[in-house]
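Have a look at work.txt; it's compact mmCIF, N, CA and C atoms:
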```txt
# COMPACT_ATOMS: atom_id res chain seq x y z
N MET A 630 89.10 97.77 145.40
CA MET A 630 88.29 98.31 144.33
C MET A 630 89.18 99.07 143.36
N ALA A 631 89.05 98.78 142.09
CA ALA A 631 89.87 99.43 141.09
C ALA A 631 89.31 100.81 140.77
N THR A 632 90.19 101.73 140.57
CA THR A 632 89.75 103.08 140.21
C THR A 632 89.83 103.25 138.70
N ALA A 633 88.90 103.97 138.17
CA ALA A 633 88.87 104.21 136.73
C ALA A 633 89.90 105.29 136.40
N THR A 634 90.68 105.02 135.38
CA THR A 634 91.65 106.02 134.95
C THR A 634 91.05 106.84 133.83
N THR A 635 91.33 108.10 133.85
CA THR A 635 90.83 108.96 132.79
C THR A 635 91.92 109.15 131.74
N ILE A 636 91.50 109.14 130.51
CA ILE A 636 92.44 109.31 129.41
C ILE A 636 92.52 110.80 129.08
N GLN A 637 93.71 111.31 129.09
CA GLN A 637 93.90 112.71 128.75
C GLN A 637 94.25 112.80 127.27
N HIS A 638 93.45 113.54 126.55
CA HIS A 638 93.71 113.69 125.13
C HIS A 638 94.87 114.64 124.91
N VAL A 639 95.63 114.35 123.89
CA VAL A 639 96.76 115.19 123.55
C VAL A 639 96.24 116.47 122.92
N LYS A 640 96.79 117.59 123.32
CA LYS A 640 96.37 118.86 122.76
C LYS A 640 96.80 118.92 121.30
N LYS A 641 95.85 119.20 120.43
CA LYS A 641 96.14 119.25 119.00
C LYS A 641 96.91 120.52 118.67
N LYS A 642 97.90 120.35 117.82
CA LYS A 642 98.66 121.48 117.33
C LYS A 642 98.31 121.69 115.87
N PRO A 643 98.33 122.92 115.40
CA PRO A 643 98.04 123.14 113.98
C PRO A 643 99.15 122.54 113.12
N LEU A 644 98.76 122.11 111.94
CA LEU A 644 99.74 121.56 111.01
C LEU A 644 100.68 122.67 110.55
N PRO A 645 101.92 122.33 110.22
CA PRO A 645 102.85 123.35 109.77
C PRO A 645 102.41 123.97 108.44
N ALA A 646 102.59 125.25 108.34
CA ALA A 646 102.17 125.96 107.13
C ALA A 646 103.28 125.92 106.08
N GLY A 647 102.89 126.06 104.83
CA GLY A 647 103.86 126.21 103.76
C GLY A 647 104.33 124.93 103.11
N LEU A 648 103.79 123.79 103.50
CA LEU A 648 104.20 122.54 102.88
C LEU A 648 103.36 122.29 101.64
N PRO A 649 103.86 121.46 100.73
CA PRO A 649 103.07 121.15 99.53
C PRO A 649 101.77 120.44 99.88
N ARG A 650 100.77 120.63 99.04
CA ARG A 650 99.45 120.04 99.27
C ARG A 650 99.53 118.52 99.41
N GLU A 651 100.43 117.88 98.67
CA GLU A 651 100.59 116.42 98.74
C GLU A 651 100.95 115.97 100.14
N TRP A 652 101.72 116.78 100.86
CA TRP A 652 102.11 116.42 102.22
C TRP A 652 100.88 116.35 103.12
N TYR A 653 100.01 117.35 103.04
CA TYR A 653 98.81 117.38 103.86
C TYR A 653 97.89 116.21 103.51
N GLU A 654 97.76 115.92 102.21
CA GLU A 654 96.91 114.80 101.78
C GLU A 654 97.43 113.47 102.31
N SER A 655 98.74 113.25 102.20
CA SER A 655 99.30 111.98 102.68
C SER A 655 99.24 111.90 104.21
N HIS A 656 99.41 113.03 104.88
CA HIS A 656 99.33 113.06 106.35
C HIS A 656 97.92 112.67 106.80
N ASN A 657 96.92 113.27 106.20
CA ASN A 657 95.53 112.96 106.57
C ASN A 657 95.17 111.53 106.18
N ARG A 658 95.71 111.03 105.07
CA ARG A 658 95.46 109.65 104.65
C ARG A 658 96.04 108.67 105.67
N ARG A 659 97.26 108.96 106.16
CA ARG A 659 97.87 108.09 107.17
C ARG A 659 97.07 108.08 108.46
N LEU A 660 96.58 109.26 108.88
CA LEU A 660 95.76 109.32 110.09
C LEU A 660 94.48 108.51 109.94
N LYS A 661 93.84 108.63 108.79
CA LYS A 661 92.61 107.89 108.52
C LYS A 661 92.88 106.39 108.52
N ALA A 662 93.95 105.97 107.86
CA ALA A 662 94.31 104.56 107.81
C ALA A 662 94.62 104.03 109.20
N MET A 663 95.27 104.81 110.01
CA MET A 663 95.60 104.39 111.37
C MET A 663 94.34 104.22 112.21
N ARG A 664 93.40 105.16 112.10
CA ARG A 664 92.15 105.04 112.84
C ARG A 664 91.39 103.79 112.42
N LEU A 665 91.35 103.52 111.12
CA LEU A 665 90.65 102.34 110.63
C LEU A 665 91.35 101.05 111.07
N ALA A 666 92.68 101.04 111.02
CA ALA A 666 93.42 99.86 111.45
C ALA A 666 93.18 99.57 112.93
N ILE A 667 93.15 100.59 113.75
CA ILE A 667 92.90 100.41 115.18
C ILE A 667 91.49 99.86 115.39
N SER A 668 90.53 100.39 114.65
CA SER A 668 89.15 99.90 114.77
C SER A 668 89.04 98.44 114.37
N LEU A 669 89.72 98.07 113.29
CA LEU A 669 89.68 96.68 112.85
C LEU A 669 90.36 95.75 113.85
N LEU A 670 91.49 96.18 114.39
CA LEU A 670 92.17 95.36 115.39
C LEU A 670 91.31 95.20 116.64
N ASP A 671 90.63 96.27 117.05
CA ASP A 671 89.75 96.20 118.21
C ASP A 671 88.58 95.26 117.97
N SER A 672 88.15 95.15 116.71
CA SER A 672 87.01 94.29 116.40
C SER A 672 87.42 92.84 116.17
N GLY A 673 88.74 92.55 116.19
CA GLY A 673 89.19 91.17 116.06
C GLY A 673 89.78 90.79 114.73
N THR A 674 89.99 91.73 113.84
CA THR A 674 90.62 91.44 112.55
C THR A 674 92.12 91.65 112.71
N TYR A 675 92.84 90.56 112.96
CA TYR A 675 94.28 90.64 113.21
C TYR A 675 95.11 90.25 112.00
N ASP A 676 94.48 89.72 110.99
CA ASP A 676 95.19 89.25 109.80
C ASP A 676 94.89 90.20 108.65
N ALA A 677 95.94 90.73 108.04
CA ALA A 677 95.77 91.69 106.95
C ALA A 677 95.06 91.06 105.75
N ARG A 678 95.23 89.76 105.56
CA ARG A 678 94.56 89.10 104.43
C ARG A 678 93.05 89.07 104.61
N ARG A 679 92.58 89.10 105.85
CA ARG A 679 91.14 89.08 106.11
C ARG A 679 90.54 90.48 106.08
N ALA A 680 91.39 91.51 106.05
CA ALA A 680 90.91 92.89 105.98
C ALA A 680 90.72 93.28 104.52
N THR A 681 89.61 92.88 103.96
CA THR A 681 89.31 93.21 102.57
C THR A 681 88.87 94.67 102.48
N ASN A 682 88.85 95.17 101.26
CA ASN A 682 88.38 96.54 101.05
C ASN A 682 86.95 96.69 101.58
N ARG A 683 86.15 95.69 101.34
CA ARG A 683 84.75 95.73 101.79
C ARG A 683 84.66 95.82 103.31
N LYS A 684 85.46 95.02 104.01
CA LYS A 684 85.45 95.03 105.47
C LYS A 684 85.96 96.37 106.01
N ILE A 685 86.99 96.91 105.37
CA ILE A 685 87.55 98.19 105.81
C ILE A 685 86.51 99.30 105.60
N ARG A 686 85.84 99.28 104.45
CA ARG A 686 84.85 100.31 104.17
C ARG A 686 83.63 100.19 105.07
N THR A 687 83.27 98.96 105.42
CA THR A 687 82.16 98.76 106.36
C THR A 687 82.53 99.32 107.73
N MET A 688 83.76 99.10 108.15
CA MET A 688 84.23 99.64 109.43
C MET A 688 84.24 101.16 109.39
N ALA A 689 84.56 101.74 108.25
CA ALA A 689 84.55 103.19 108.12
C ALA A 689 83.14 103.73 108.33
N VAL A 690 82.16 103.06 107.76
CA VAL A 690 80.76 103.49 107.94
C VAL A 690 80.37 103.39 109.41
N ARG A 691 80.75 102.30 110.06
CA ARG A 691 80.40 102.09 111.48
C ARG A 691 81.01 103.16 112.37
N THR A 692 82.22 103.59 112.05
CA THR A 692 82.92 104.55 112.91
C THR A 692 82.72 105.99 112.47
N GLY A 693 81.97 106.20 111.40
CA GLY A 693 81.69 107.56 110.96
C GLY A 693 82.80 108.22 110.18
N ILE A 694 83.63 107.41 109.54
CA ILE A 694 84.73 107.92 108.72
C ILE A 694 84.29 107.84 107.26
N ARG A 695 84.68 108.82 106.47
CA ARG A 695 84.33 108.80 105.05
C ARG A 695 84.92 107.58 104.36
N ARG A 696 84.27 107.16 103.28
CA ARG A 696 84.67 105.96 102.53
C ARG A 696 86.13 106.07 102.08
N PRO A 697 86.97 105.11 102.48
CA PRO A 697 88.38 105.17 102.10
C PRO A 697 88.61 104.71 100.66
N SER A 698 89.65 105.24 100.06
CA SER A 698 90.02 104.85 98.70
C SER A 698 90.78 103.53 98.73
N ASN A 699 91.09 103.01 97.56
CA ASN A 699 91.87 101.76 97.48
C ASN A 699 93.26 101.94 98.09
N VAL A 700 93.84 103.12 97.90
CA VAL A 700 95.18 103.39 98.47
C VAL A 700 95.12 103.37 99.99
N THR A 701 94.08 103.97 100.56
CA THR A 701 93.94 103.99 102.01
C THR A 701 93.71 102.58 102.54
N CYS A 702 92.91 101.79 101.83
CA CYS A 702 92.68 100.40 102.25
C CYS A 702 94.00 99.62 102.27
N LYS A 703 94.83 99.86 101.28
CA LYS A 703 96.14 99.20 101.23
C LYS A 703 96.99 99.62 102.42
N MET A 704 96.92 100.91 102.78
CA MET A 704 97.65 101.41 103.94
C MET A 704 97.16 100.77 105.23
N VAL A 705 95.85 100.58 105.34
CA VAL A 705 95.27 99.94 106.53
C VAL A 705 95.84 98.54 106.68
N ARG A 706 95.89 97.80 105.59
CA ARG A 706 96.45 96.43 105.64
C ARG A 706 97.92 96.46 106.03
N ALA A 707 98.65 97.45 105.55
CA ALA A 707 100.07 97.56 105.92
C ALA A 707 100.22 97.82 107.41
N PHE A 708 99.36 98.67 107.96
CA PHE A 708 99.41 98.96 109.41
C PHE A 708 99.08 97.70 110.21
N ILE A 709 98.10 96.93 109.73
CA ILE A 709 97.73 95.69 110.45
C ILE A 709 98.87 94.68 110.39
N MET A 710 99.55 94.59 109.26
CA MET A 710 100.67 93.65 109.14
C MET A 710 101.79 94.02 110.09
N GLU A 711 102.00 95.32 110.30
CA GLU A 711 103.09 95.78 111.18
C GLU A 711 102.78 95.58 112.66
N SER A 712 101.50 95.43 112.97
CA SER A 712 101.14 95.31 114.40
C SER A 712 101.39 93.92 114.93
```

Would you write the structure of this file as structure tokens?
Amino acid sequence: MATATTIQHVKKKPLPAGLPREWYESHNRRLKAMRLAISLLDSGTYDARRATNRKIRTMAVRTGIRRPSNVTCKMVRAFIMES
């Protein structure tokens, strides 16, 4: 009989203080794009060409993430291409 493994979440650390606002914005954008890319890959979208802005935004609604911008959608496709 297989035993269920529990996933231990990584303890969150506060972001470093004193960096320019652009750094925080790009950091949060990358995290959002990564979450969306993982969701799309889990749902079976393995080709970046099939990950349209519409599909990415629909996945964002399904997962409870705010509507991504065009730049974030482009980042999602880049993450999918790298996988």

Exercise for review: Select, counting only C-alpha atoms, all protein, DNA and RNA residues no farther than 10 Å from (87.0, 108.0, 104.2) in file coordinates, and express the selection as a ChimeraX atom specification.
Suggested key: /A:658,661-662,665,685-686,689-690,693-698,701-702

Review point. Do you have the CA of Lys641 in chain A-atom N of Ser655 in chain A distance handy?
Key: 18.0 Å

Exercise for review: Could you jot down the CA of Phe708 in chain A to CA of Ala666 in chain A separation for me, Å, one decimal place?
Suggested key: 6.4 Å

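Look at range 674-679 of chain A: the protein and nucleic acid residues within 6 Å of it, using only N, CA and C atoms and passing over chain neighbours fewer than 2 places away, are Leu669, Leu670, Asp671, Ser672, Thr681, Arg706, Ile709 and Met710 of chain A.
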
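Nearest residue to Leu660 in chain A, choosing from A:Val705, A:Lys640, A:Gly647, A:Val700 and counting only C-alpha atoms: A:Val705.
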
Practice item. Rounded to one decimal place, report the CA of Met688 in chain A-atom C of Pro649 in chain A distance in Å. Key: 28.8 Å
